[in-house]
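Read through the structure below, which is laid out as structure tokens, and then see the notes.
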Amino acid sequence: MNQFQYVRPAEVPAAAKAFTKGSNTHFLAGGTNLIDLMKMGVVVPERLVDINHLPLKKIEKTPGGISIGALATNTEVSIHPLIKEGFPLLSLAINAGASPQLRNMATVGGNLMQRTRCPYFFDTTMPCNKRVPGSGCGALAGFNRMHAIFGASDKCIAVNPSDMNVALTALDATVHVTGLKGKRAIKFADFHRLPGEHPELDNTLQKGELITSVDIPASPYNKNVHYLKVRDRTSYAFALVSAGVALNIENNTIQGARLAMGGVAHKPWRLTETEAFLKGKPVSLDVFKQASQIAMQGARAYEYNKFKLKLAPNTILQALTTAAGLKA
Ligand code: SF4
């Protein structure tokens, strides 16, 4: 492993300042992704800014909903009574990810920053525009079974691997960050980006900006929810396709819907048109079948992931019916 500097600030402004020193600096939180990338030579930092001693672990009620500190672990979030009661979709999504050991270490901020699991990104002998801009994309003509069916570009067809991100997108979360220029709030839907011409950029953070918390607004989406993750084995595997569904149902009518998919795009894929279609509709299998087809508008597969064109609508249909208490 290459040598690197290691600093451990105790306050957020000091962490933001420490980040700007050196051209290849990384924040270190749980380390469940970064350390793997360092071991494989995918990330070769000059400096690590260990943020584990910053006061960013609180999970607390706010006037508008809930605030989750960026250093709260996945486990702490998933078992917290306020989350389980008010935002059960988030709890379900987190528990579908990784393993208990990893969830005990991984943090909310780190989960947002998690890099893609594209095998060509991890293999430093292969071309990858995300790892080395301009080197090409090994997955485009390679074994692209795990890759995107929405929003890809000819520069990158990778997917965001996080389950937590799917729920946070559906629940309209906001990401709070601090940098040398001050604080700002980023809508969750605008935090991650599509690859376009610059797949090396996963998100819209500016250099040195540190995630401090994630806020979720209070909502009626806490009863009819389901997170369905389809994967090659039943634990410790990334999603081929996942669907996060939260419905607000009154008198058998859908008052509102929140839907997002994972494993299908470079960012968690919010299904706003499907949500608009569902609003005001009765709870029925036929409505859910139509919704699952609307969700697929614009989908495009590659040589080895064509199965996702069928798997994705089936996953949405199953998640909707389970959330609503129907049988598919
Ligand atoms: Fe790299 Fe993206 Fe291509 Fe994978 S899909 S090889 S991450 S450029």
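Chain labels run A, B, ... following the order of the structure tokens; each chain numbers its residues from 1, and ligands are numbered from 1 in the order shown.
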- Identify, with DSSP run on backbone atoms, the residues in range 75-169 of chain A assigned to alpha helix (DSSP H), and express the list as a PyMOL selection string. chain A and resi 75-79+81-86+88-95+100-105+108-113+119-122+164-169
- Might you pull out every residue within 7 Å of range 302-304 of chain A, with only C-alpha atoms counted and same-chain residues fewer than 3 positions away left off, and present them as a PyMOL selection string? chain A and resi 143-145
Within 8 Å of ligand 1: each chain A residue with its shortest pair, only C-alpha atoms and all ligand atoms, as a tab-separated table:
residue	atom	partner	partner_atom_place_in_ligand_line	distance
A:Thr116	CA	ligand 1	7 (S)	6.5
A:Arg117	CA	ligand 1	7 (S)	7.6
A:Cys118	CA	ligand 1	4 (Fe)	4.7
A:Pro119	CA	ligand 1	4 (Fe)	6.7
A:Tyr120	CA	ligand 1	6 (S)	4.5
A:Phe121	CA	ligand 1	7 (S)	4.6
A:Met126	CA	ligand 1	6 (S)	7.6
A:Pro127	CA	ligand 1	6 (S)	6.4
A:Cys128	CA	ligand 1	1 (Fe)	3.6
A:Asn129	CA	ligand 1	8 (S)	4.1
A:Lys130	CA	ligand 1	8 (S)	4.7
A:Arg131	CA	ligand 1	1 (Fe)	6.3
A:Gly136	CA	ligand 1	8 (S)	6.5
A:Cys137	CA	ligand 1	3 (Fe)	3.6
A:Gly138	CA	ligand 1	6 (S)	4.4
A:Ala139	CA	ligand 1	6 (S)	4.7
A:Leu140	CA	ligand 1	3 (Fe)	6.2
A:Asn144	CA	ligand 1	5 (S)	7.9
A:His147	CA	ligand 1	5 (S)	7.1
A:Lys155	CA	ligand 1	8 (S)	5.7
A:Cys156	CA	ligand 1	2 (Fe)	3.7
A:Ile157	CA	ligand 1	5 (S)	4.1
A:Ala158	CA	ligand 1	5 (S)	4.0
A:Val159	CA	ligand 1	5 (S)	7.8
A:Pro195	CA	ligand 1	2 (Fe)	8.0
A:Pro199	CA	ligand 1	8 (S)	6.5
A:Glu200	CA	ligand 1	8 (S)	7.9
- Could you tell me which of A:Ala98, A:Ala72, A:Leu89, A:Ala16 comes closest to Gly182 in chain A if we count only C-alpha atoms?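 Among the listed residues, the smallest separation from Gly182 in chain A belongs to A:Ala16.
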Return as JSON lines the residues of range 88-182 of chain A lying at most 12 Å from range 27-38 of chain A, together with the closest atom-to-atom pair for each and the distance in Å to one decimal, counting only C-alpha atoms, with rows in chain order and ascending residue number.
{"residue": "A:Ala98", "atom": "CA", "partner": "A:Thr32", "partner_atom": "CA", "distance": 10.2}
{"residue": "A:Ser99", "atom": "CA", "partner": "A:Thr32", "partner_atom": "CA", "distance": 11.2}
{"residue": "A:Gln101", "atom": "CA", "partner": "A:Thr32", "partner_atom": "CA", "distance": 10.0}
{"residue": "A:Leu102", "atom": "CA", "partner": "A:Thr32", "partner_atom": "CA", "distance": 6.8}
{"residue": "A:Arg103", "atom": "CA", "partner": "A:Thr32", "partner_atom": "CA", "distance": 9.1}
{"residue": "A:Asn104", "atom": "CA", "partner": "A:Gly30", "partner_atom": "CA", "distance": 8.8}
{"residue": "A:Met105", "atom": "CA", "partner": "A:Gly30", "partner_atom": "CA", "distance": 5.0}
{"residue": "A:Ala106", "atom": "CA", "partner": "A:Gly30", "partner_atom": "CA", "distance": 4.8}
{"residue": "A:Thr107", "atom": "CA", "partner": "A:Gly30", "partner_atom": "CA", "distance": 5.9}
{"residue": "A:Val108", "atom": "CA", "partner": "A:Gly30", "partner_atom": "CA", "distance": 9.4}
{"residue": "A:Gly109", "atom": "CA", "partner": "A:Ala29", "partner_atom": "CA", "distance": 8.0}
{"residue": "A:Gly110", "atom": "CA", "partner": "A:Ala29", "partner_atom": "CA", "distance": 6.5}
{"residue": "A:Asn111", "atom": "CA", "partner": "A:Asn33", "partner_atom": "CA", "distance": 8.8}
{"residue": "A:Leu112", "atom": "CA", "partner": "A:Asn33", "partner_atom": "CA", "distance": 11.1}
{"residue": "A:Met113", "atom": "CA", "partner": "A:Asn33", "partner_atom": "CA", "distance": 9.0}
{"residue": "A:Gln114", "atom": "CA", "partner": "A:Asn33", "partner_atom": "CA", "distance": 6.5}
{"residue": "A:Arg115", "atom": "CA", "partner": "A:Asn33", "partner_atom": "CA", "distance": 7.4}
{"residue": "A:Thr116", "atom": "CA", "partner": "A:Asn33", "partner_atom": "CA", "distance": 9.9}
{"residue": "A:Arg117", "atom": "CA", "partner": "A:Asn33", "partner_atom": "CA", "distance": 9.9}
{"residue": "A:Pro119", "atom": "CA", "partner": "A:Leu37", "partner_atom": "CA", "distance": 11.8}
{"residue": "A:Phe121", "atom": "CA", "partner": "A:Leu37", "partner_atom": "CA", "distance": 9.7}
{"residue": "A:Phe122", "atom": "CA", "partner": "A:Leu37", "partner_atom": "CA", "distance": 7.4}
{"residue": "A:Asp123", "atom": "CA", "partner": "A:Leu37", "partner_atom": "CA", "distance": 10.2}
{"residue": "A:Thr124", "atom": "CA", "partner": "A:Leu37", "partner_atom": "CA", "distance": 10.5}
{"residue": "A:Arg131", "atom": "CA", "partner": "A:Leu37", "partner_atom": "CA", "distance": 10.8}
{"residue": "A:Pro161", "atom": "CA", "partner": "A:Asn33", "partner_atom": "CA", "distance": 11.2}
{"residue": "A:Ser162", "atom": "CA", "partner": "A:Asn33", "partner_atom": "CA", "distance": 11.4}
Could you save the residues just selected, with N, CA and C atoms, as a CSV table (one decimal), in the first residue's frame?
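File written: selection_17.csv
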chain,number,residue,atom,x,y,z
A,98,ALA,N,-25.7,-5.2,2.4
A,98,ALA,CA,-24.4,-5.7,3.0
A,98,ALA,C,-24.7,-6.9,4.0
A,99,SER,N,-23.9,-6.8,5.1
A,99,SER,CA,-24.0,-7.8,6.1
A,99,SER,C,-24.1,-7.1,7.5
A,101,GLN,N,-22.1,-7.1,10.0
A,101,GLN,CA,-20.8,-6.5,10.4
A,101,GLN,C,-20.6,-5.2,9.6
A,102,LEU,N,-20.9,-5.3,8.3
A,102,LEU,CA,-20.7,-4.0,7.5
A,102,LEU,C,-21.6,-2.9,7.9
A,103,ARG,N,-22.8,-3.3,8.2
A,103,ARG,CA,-23.8,-2.2,8.6
A,103,ARG,C,-23.4,-1.6,9.9
A,104,ASN,N,-22.7,-2.4,10.8
A,104,ASN,CA,-22.2,-1.8,12.1
A,104,ASN,C,-21.1,-0.8,11.9
A,105,MET,N,-20.4,-0.9,10.8
A,105,MET,CA,-19.3,0.1,10.5
A,105,MET,C,-19.7,1.2,9.5
A,106,ALA,N,-20.5,0.9,8.5
A,106,ALA,CA,-20.8,1.8,7.5
A,106,ALA,C,-21.7,3.0,8.0
A,107,THR,N,-21.4,4.1,7.4
A,107,THR,CA,-22.1,5.3,7.9
A,107,THR,C,-23.1,5.9,6.8
A,108,VAL,N,-24.0,6.7,7.3
A,108,VAL,CA,-24.9,7.3,6.3
A,108,VAL,C,-24.2,8.1,5.2
A,109,GLY,N,-23.3,9.0,5.7
A,109,GLY,CA,-22.5,9.8,4.7
A,109,GLY,C,-21.7,8.9,3.8
A,110,GLY,N,-21.1,7.9,4.3
A,110,GLY,CA,-20.3,7.0,3.5
A,110,GLY,C,-21.2,6.2,2.5
A,111,ASN,N,-22.4,5.9,2.9
A,111,ASN,CA,-23.3,5.2,2.0
A,111,ASN,C,-23.6,6.1,0.8
A,112,LEU,N,-23.8,7.4,1.0
A,112,LEU,CA,-24.1,8.3,-0.1
A,112,LEU,C,-22.9,8.4,-1.0
A,113,MET,N,-21.7,8.2,-0.5
A,113,MET,CA,-20.5,8.4,-1.3
A,113,MET,C,-20.0,7.0,-1.9
A,114,GLN,N,-20.7,6.0,-1.6
A,114,GLN,CA,-20.2,4.6,-2.1
A,114,GLN,C,-20.0,4.6,-3.6
A,115,ARG,N,-18.9,4.0,-4.0
A,115,ARG,CA,-18.6,4.0,-5.4
A,115,ARG,C,-19.3,2.8,-6.1
A,116,THR,N,-19.3,2.8,-7.4
A,116,THR,CA,-20.0,1.7,-8.1
A,116,THR,C,-19.2,0.4,-7.9
A,117,ARG,N,-19.9,-0.7,-8.0
A,117,ARG,CA,-19.3,-2.1,-7.9
A,117,ARG,C,-19.1,-2.6,-9.3
A,119,PRO,N,-17.2,-4.3,-12.0
A,119,PRO,CA,-16.0,-5.0,-11.9
A,119,PRO,C,-14.8,-4.4,-12.6
A,121,PHE,N,-14.3,-1.2,-12.9
A,121,PHE,CA,-13.8,-0.1,-12.1
A,121,PHE,C,-12.8,-0.6,-11.1
A,122,PHE,N,-13.0,-1.8,-10.6
A,122,PHE,CA,-12.2,-2.4,-9.5
A,122,PHE,C,-10.9,-3.0,-10.1
A,123,ASP,N,-10.9,-3.3,-11.4
A,123,ASP,CA,-9.8,-4.0,-12.0
A,123,ASP,C,-8.9,-3.0,-12.7
A,124,THR,N,-7.7,-2.7,-12.1
A,124,THR,CA,-6.9,-1.6,-12.6
A,124,THR,C,-6.2,-2.0,-13.9
A,131,ARG,N,-12.6,5.5,-13.4
A,131,ARG,CA,-11.4,5.4,-12.6
A,131,ARG,C,-10.3,6.3,-13.3
A,161,PRO,N,-24.7,1.4,-6.2
A,161,PRO,CA,-25.0,0.1,-5.5
A,161,PRO,C,-25.8,0.2,-4.3
A,162,SER,N,-26.1,1.4,-3.8
A,162,SER,CA,-26.6,1.6,-2.4
A,162,SER,C,-28.1,1.3,-2.4
Can you pull out the residues contacting Gly208 in chain A? Cut-off 6 Å, using only C-alpha atoms, and skip same-chain residues under 2 positions away; I want them as a JSON list (two decimals) with N, CA, C and O atoms, in the first residue's frame.
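Result file around.json:
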[["chain", "number", "residue", "atom", "x", "y", "z"],
["A", 16, "ALA", "N", -13.03, 20.27, 6.89],
["A", 16, "ALA", "CA", -13.18, 20.84, 5.53],
["A", 16, "ALA", "C", -11.87, 21.49, 5.10],
["A", 16, "ALA", "O", -11.45, 21.37, 3.94],
["A", 19, "PHE", "N", -9.18, 18.97, 4.16],
["A", 19, "PHE", "CA", -9.43, 18.30, 2.88],
["A", 19, "PHE", "C", -8.78, 19.05, 1.73],
["A", 19, "PHE", "O", -8.37, 18.44, 0.73],
["A", 20, "THR", "N", -8.71, 20.36, 1.84],
["A", 20, "THR", "CA", -8.23, 21.15, 0.70],
["A", 20, "THR", "C", -6.72, 21.10, 0.54],
["A", 20, "THR", "O", -6.18, 21.56, -0.46],
["A", 179, "GLY", "N", -18.69, 23.22, 3.63],
["A", 179, "GLY", "CA", -17.39, 23.36, 2.96],
["A", 179, "GLY", "C", -16.76, 24.67, 3.37],
["A", 179, "GLY", "O", -17.30, 25.39, 4.21]]
- Task: Record the distance separating CA of Val177 in chain A and CA of Leu210 in chain A, expressed in Å with one decimal.
- Result: 5.3 Å
- Task: Using only C-alpha atoms, find the one residue out of A:Lys183, A:Arg258, A:His226, A:Lys281 that sits nearest to Gln318 in chain A.
- Result: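 Comparing A:Lys183, A:Arg258, A:His226, A:Lys281 against Gln318 in chain A, the winner is A:His226.
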- So which residues of range 26-213 of chain A fall under strand (DSSP E) by DSSP, listed as a ChimeraX atom specification? /A:26-28,47-50,59-62,65-69,174-179,182-187,210-213
Listing only residues of range 30-149 of chain A within 8 Å of range 260-265 of chain A, what is the closest atom pair and its distance in Å (to one decimal) for each, using only C-alpha atoms, sorted by chain and residue number ascending, as JSON lines?
{"residue": "A:Met146", "atom": "CA", "partner": "A:Gly263", "partner_atom": "CA", "distance": 7.4}
{"residue": "A:His147", "atom": "CA", "partner": "A:Val264", "partner_atom": "CA", "distance": 6.7}
{"residue": "A:Ala148", "atom": "CA", "partner": "A:Val264", "partner_atom": "CA", "distance": 4.5}
{"residue": "A:Ile149", "atom": "CA", "partner": "A:Val264", "partner_atom": "CA", "distance": 5.3}
Filtering to all heavy atoms, could you give me those residues as a tab-separated table (two decimals), in the first residue's frame?
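Here's the written file selection.tsv:
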chain	number	residue	atom	x	y	z
A	146	MET	N	-24.61	-6.62	-14.63
A	146	MET	CA	-25.06	-5.86	-13.46
A	146	MET	C	-25.37	-4.41	-13.82
A	146	MET	O	-25.68	-3.61	-12.94
A	146	MET	CB	-23.96	-5.85	-12.38
A	146	MET	CG	-23.60	-7.19	-11.80
A	146	MET	SD	-24.91	-7.92	-10.81
A	146	MET	CE	-24.90	-6.87	-9.34
A	147	HIS	N	-25.30	-4.03	-15.06
A	147	HIS	CA	-25.22	-2.60	-15.39
A	147	HIS	C	-26.57	-1.94	-15.66
A	147	HIS	O	-27.62	-2.54	-15.52
A	147	HIS	CB	-24.22	-2.43	-16.55
A	147	HIS	CG	-22.81	-2.70	-16.12
A	147	HIS	ND1	-22.35	-3.98	-15.86
A	147	HIS	CD2	-21.77	-1.88	-15.85
A	147	HIS	CE1	-21.08	-3.92	-15.46
A	147	HIS	NE2	-20.71	-2.66	-15.44
A	148	ALA	N	-26.47	-0.65	-16.05
A	148	ALA	CA	-27.64	0.23	-16.07
A	148	ALA	C	-28.60	-0.07	-17.22
A	148	ALA	O	-28.19	-0.54	-18.29
A	148	ALA	CB	-27.18	1.68	-16.17
A	149	ILE	N	-29.86	0.25	-16.99
A	149	ILE	CA	-30.84	0.24	-18.09
A	149	ILE	C	-31.50	1.62	-18.22
A	149	ILE	O	-32.33	1.83	-19.09
A	149	ILE	CB	-31.92	-0.85	-17.91
A	149	ILE	CG1	-32.60	-0.75	-16.54
A	149	ILE	CG2	-31.33	-2.23	-18.13
A	149	ILE	CD1	-33.81	-1.68	-16.40
- Message: So that I can check the surroundings of Glu275 in chain A, please list as a list in words every protein, DNA and RNA residue that reaches within 12 Å of it, counting only C-alpha atoms and ignoring chain neighbours fewer than 6 positions away.
- Response: Ala170, Val245, Ala246, Leu247, Asn248, Ile254, Gln255, Gly256, Ala257, Arg258, Leu259, Ala260, Lys281, Val287, Phe288, Gln290, Ala291, Ser292, Ile294, Ala295, Ile316 and Leu320 of chain A
Could you save the residues just selected, with all heavy atoms, as a compact mmCIF listing (two decimals), in the first residue's frame?
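Saved file selection_3.txt follows:
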# COMPACT_ATOMS: atom_id res chain seq x y z
N ALA A 170 -36.70 8.11 -2.58
CA ALA A 170 -38.16 7.99 -2.55
C ALA A 170 -38.76 8.88 -1.47
O ALA A 170 -39.86 9.41 -1.63
CB ALA A 170 -38.56 6.53 -2.35
N VAL A 245 -40.88 1.18 -2.34
CA VAL A 245 -42.26 1.65 -2.58
C VAL A 245 -42.87 2.12 -1.27
O VAL A 245 -42.78 1.42 -0.26
CB VAL A 245 -43.11 0.49 -3.16
CG1 VAL A 245 -44.59 0.85 -3.16
CG2 VAL A 245 -42.65 0.14 -4.56
N ALA A 246 -43.49 3.30 -1.29
CA ALA A 246 -44.25 3.78 -0.13
C ALA A 246 -45.55 4.37 -0.65
O ALA A 246 -45.53 5.25 -1.51
CB ALA A 246 -43.44 4.82 0.64
N LEU A 247 -46.66 3.85 -0.15
CA LEU A 247 -47.97 4.29 -0.61
C LEU A 247 -48.75 4.91 0.54
O LEU A 247 -48.66 4.45 1.68
CB LEU A 247 -48.77 3.10 -1.17
CG LEU A 247 -48.14 2.32 -2.33
CD1 LEU A 247 -48.96 1.07 -2.62
CD2 LEU A 247 -48.05 3.20 -3.57
N ASN A 248 -49.50 5.96 0.23
CA ASN A 248 -50.44 6.52 1.19
C ASN A 248 -51.84 6.14 0.70
O ASN A 248 -52.34 6.70 -0.28
CB ASN A 248 -50.27 8.05 1.25
CG ASN A 248 -51.28 8.69 2.19
OD1 ASN A 248 -51.84 8.02 3.06
ND2 ASN A 248 -51.49 9.99 2.02
N ILE A 254 -55.28 5.39 -3.67
CA ILE A 254 -53.90 5.81 -3.46
C ILE A 254 -53.86 7.35 -3.45
O ILE A 254 -54.06 8.00 -4.48
CB ILE A 254 -53.00 5.25 -4.58
CG1 ILE A 254 -53.06 3.72 -4.57
CG2 ILE A 254 -51.55 5.73 -4.40
CD1 ILE A 254 -52.50 3.08 -5.83
N GLN A 255 -53.65 7.90 -2.27
CA GLN A 255 -53.58 9.37 -2.14
C GLN A 255 -52.24 9.90 -2.66
O GLN A 255 -52.14 11.04 -3.09
CB GLN A 255 -53.73 9.78 -0.67
CG GLN A 255 -54.98 9.24 0.00
CD GLN A 255 -56.25 9.80 -0.63
OE1 GLN A 255 -56.28 10.94 -1.06
NE2 GLN A 255 -57.29 8.97 -0.70
N GLY A 256 -51.23 9.08 -2.59
CA GLY A 256 -49.91 9.48 -3.08
C GLY A 256 -48.99 8.27 -3.08
O GLY A 256 -49.25 7.28 -2.38
N ALA A 257 -47.94 8.34 -3.88
CA ALA A 257 -47.00 7.22 -3.98
C ALA A 257 -45.58 7.76 -4.08
O ALA A 257 -45.34 8.82 -4.66
CB ALA A 257 -47.31 6.38 -5.22
N ARG A 258 -44.65 7.03 -3.49
CA ARG A 258 -43.23 7.35 -3.60
C ARG A 258 -42.51 6.08 -4.06
O ARG A 258 -42.59 5.05 -3.37
CB ARG A 258 -42.65 7.81 -2.26
CG ARG A 258 -43.23 9.11 -1.76
CD ARG A 258 -42.66 10.30 -2.54
NE ARG A 258 -43.15 11.55 -2.04
CZ ARG A 258 -44.26 12.16 -2.46
NH1 ARG A 258 -44.99 11.61 -3.39
NH2 ARG A 258 -44.63 13.32 -1.94
N LEU A 259 -41.84 6.16 -5.19
CA LEU A 259 -41.21 4.97 -5.77
C LEU A 259 -39.81 5.29 -6.28
O LEU A 259 -39.60 6.34 -6.89
CB LEU A 259 -42.00 4.48 -6.99
CG LEU A 259 -43.17 3.52 -6.82
CD1 LEU A 259 -44.39 4.25 -6.33
CD2 LEU A 259 -43.48 2.88 -8.16
N ALA A 260 -38.90 4.36 -6.06
CA ALA A 260 -37.56 4.49 -6.64
C ALA A 260 -37.00 3.09 -6.87
O ALA A 260 -37.40 2.13 -6.21
CB ALA A 260 -36.64 5.30 -5.74
N LYS A 281 -55.65 6.71 -7.96
CA LYS A 281 -56.13 5.44 -8.51
C LYS A 281 -56.55 4.50 -7.38
O LYS A 281 -56.03 4.58 -6.26
CB LYS A 281 -55.03 4.75 -9.33
CG LYS A 281 -54.55 5.53 -10.55
CD LYS A 281 -55.51 5.38 -11.70
CE LYS A 281 -54.95 5.90 -13.02
NZ LYS A 281 -54.32 7.20 -13.02
N VAL A 287 -54.08 -1.75 -11.91
CA VAL A 287 -53.41 -0.44 -11.81
C VAL A 287 -51.92 -0.64 -11.58
O VAL A 287 -51.08 0.04 -12.20
CB VAL A 287 -54.03 0.39 -10.65
CG1 VAL A 287 -53.12 1.54 -10.25
CG2 VAL A 287 -55.40 0.91 -11.06
N PHE A 288 -51.56 -1.58 -10.73
CA PHE A 288 -50.14 -1.80 -10.43
C PHE A 288 -49.39 -2.35 -11.64
O PHE A 288 -48.22 -2.03 -11.88
CB PHE A 288 -49.98 -2.73 -9.23
CG PHE A 288 -50.38 -2.10 -7.93
CD1 PHE A 288 -50.68 -2.88 -6.82
CD2 PHE A 288 -50.47 -0.72 -7.79
CE1 PHE A 288 -51.05 -2.29 -5.61
CE2 PHE A 288 -50.83 -0.12 -6.59
CZ PHE A 288 -51.12 -0.91 -5.50
N GLN A 290 -50.13 -1.65 -14.77
CA GLN A 290 -49.92 -0.48 -15.65
C GLN A 290 -48.76 0.38 -15.12
O GLN A 290 -47.92 0.85 -15.89
CB GLN A 290 -51.20 0.36 -15.72
CG GLN A 290 -52.34 -0.29 -16.47
CD GLN A 290 -53.57 0.62 -16.47
OE1 GLN A 290 -53.53 1.73 -16.98
NE2 GLN A 290 -54.65 0.13 -15.91
N ALA A 291 -48.75 0.57 -13.81
CA ALA A 291 -47.70 1.39 -13.19
C ALA A 291 -46.32 0.79 -13.46
O ALA A 291 -45.35 1.52 -13.78
CB ALA A 291 -47.93 1.51 -11.69
N SER A 292 -46.22 -0.52 -13.38
CA SER A 292 -44.92 -1.16 -13.55
C SER A 292 -44.42 -1.02 -15.00
O SER A 292 -43.22 -1.00 -15.24
CB SER A 292 -44.97 -2.64 -13.14
OG SER A 292 -45.78 -3.36 -14.04
N ILE A 294 -45.27 1.70 -16.94
CA ILE A 294 -44.91 3.13 -17.07
C ILE A 294 -43.49 3.36 -16.54
O ILE A 294 -42.72 4.15 -17.08
CB ILE A 294 -45.94 4.00 -16.31
CG1 ILE A 294 -47.27 3.95 -17.05
CG2 ILE A 294 -45.46 5.44 -16.16
CD1 ILE A 294 -48.43 4.52 -16.27
N ALA A 295 -43.16 2.64 -15.48
CA ALA A 295 -41.83 2.80 -14.87
C ALA A 295 -40.70 2.45 -15.82
O ALA A 295 -39.56 2.88 -15.63
CB ALA A 295 -41.74 1.92 -13.62
N ILE A 316 -41.08 -4.11 -9.47
CA ILE A 316 -41.96 -3.00 -9.06
C ILE A 316 -43.37 -3.53 -8.75
O ILE A 316 -43.97 -3.17 -7.74
CB ILE A 316 -42.02 -1.93 -10.17
CG1 ILE A 316 -40.66 -1.29 -10.32
CG2 ILE A 316 -43.07 -0.87 -9.85
CD1 ILE A 316 -40.53 -0.48 -11.57
N LEU A 320 -45.14 -3.18 -5.18
CA LEU A 320 -46.40 -2.44 -5.03
C LEU A 320 -47.47 -3.32 -4.39
O LEU A 320 -48.18 -2.87 -3.46
CB LEU A 320 -46.90 -1.96 -6.40
CG LEU A 320 -46.23 -0.71 -6.98
CD1 LEU A 320 -46.58 -0.55 -8.46
CD2 LEU A 320 -46.65 0.54 -6.20
- Coordinates-based distance that separates CA of Gly196 in chain A from CA of Trp269 in chain A (Å, one decimal):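 One can read the CA of Trp269 in chain A to CA of Gly196 in chain A distance as 15.4 Å.
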- Determine the nearest neighbour of Gln293 in chain A from the options A:Thr274, A:Ser78, A:Asn305, A:Asn95, counting only C-alpha atoms.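 Selected residue with least distance to Gln293 in chain A: A:Thr274.
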Spatial neighbours of Ala189 in chain A, max dist 8 Å, only C-alpha atoms, sep filter under 4 positions, as a PDB file with all heavy atoms, in the first residue's frame:
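Generated output (around13.pdb):
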ATOM      1  N   THR A 169     -34.068   8.589  -1.698  1.00  0.00           N
ATOM      2  CA  THR A 169     -34.619   9.272  -2.882  1.00  0.00           C
ATOM      3  C   THR A 169     -36.136   9.274  -2.834  1.00  0.00           C
ATOM      4  O   THR A 169     -36.775  10.308  -3.014  1.00  0.00           O
ATOM      5  CB  THR A 169     -34.166   8.552  -4.171  1.00  0.00           C
ATOM      6  OG1 THR A 169     -32.758   8.568  -4.225  1.00  0.00           O
ATOM      7  CG2 THR A 169     -34.712   9.220  -5.409  1.00  0.00           C
ATOM      8  N   ASP A 172     -37.763  11.743  -0.420  1.00  0.00           N
ATOM      9  CA  ASP A 172     -37.509  13.188  -0.616  1.00  0.00           C
ATOM     10  C   ASP A 172     -36.534  13.765   0.403  1.00  0.00           C
ATOM     11  O   ASP A 172     -36.732  14.888   0.908  1.00  0.00           O
ATOM     12  CB  ASP A 172     -38.817  13.989  -0.536  1.00  0.00           C
ATOM     13  CG  ASP A 172     -39.571  13.966  -1.855  1.00  0.00           C
ATOM     14  OD1 ASP A 172     -38.917  13.878  -2.898  1.00  0.00           O
ATOM     15  OD2 ASP A 172     -40.809  14.035  -1.812  1.00  0.00           O
ATOM     16  N   PRO A 268     -29.712   6.615  -7.802  1.00  0.00           N
ATOM     17  CA  PRO A 268     -30.987   5.986  -7.445  1.00  0.00           C
ATOM     18  C   PRO A 268     -32.081   6.560  -8.338  1.00  0.00           C
ATOM     19  O   PRO A 268     -32.145   7.770  -8.541  1.00  0.00           O
ATOM     20  CB  PRO A 268     -31.167   6.373  -5.974  1.00  0.00           C
ATOM     21  CG  PRO A 268     -30.183   7.453  -5.697  1.00  0.00           C
ATOM     22  CD  PRO A 268     -29.081   7.324  -6.683  1.00  0.00           C
ATOM     23  N   ARG A 270     -35.560   7.575  -9.319  1.00  0.00           N
ATOM     24  CA  ARG A 270     -36.898   7.958  -8.846  1.00  0.00           C
ATOM     25  C   ARG A 270     -37.917   7.825  -9.982  1.00  0.00           C
ATOM     26  O   ARG A 270     -37.616   8.205 -11.118  1.00  0.00           O
ATOM     27  CB  ARG A 270     -36.850   9.403  -8.333  1.00  0.00           C
ATOM     28  CG  ARG A 270     -38.162   9.939  -7.790  1.00  0.00           C
ATOM     29  CD  ARG A 270     -38.383   9.570  -6.350  1.00  0.00           C
ATOM     30  NE  ARG A 270     -39.663  10.071  -5.883  1.00  0.00           N
ATOM     31  CZ  ARG A 270     -39.819  11.161  -5.145  1.00  0.00           C
ATOM     32  NH1 ARG A 270     -38.762  11.838  -4.762  1.00  0.00           N
ATOM     33  NH2 ARG A 270     -41.018  11.558  -4.755  1.00  0.00           N
TER      34      ARG A 270
END
- Item | For range 51-54 of chain A: contacts at 9 Å, only C-alpha atoms, fewer than 2 positions along chain excluded, given as a VMD selection string | chain A and resid 7 to 12 15 27 to 30 49 56 to 57 71
- Item | Shortest interatomic distance to Thr174 in chain A - which of A:Ala96, A:Leu82, A:Leu201, A:Ala70, counting only C-alpha atoms |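 When distances to Thr174 in chain A are compared using only C-alpha atoms, the smallest one comes from A:Ala70.
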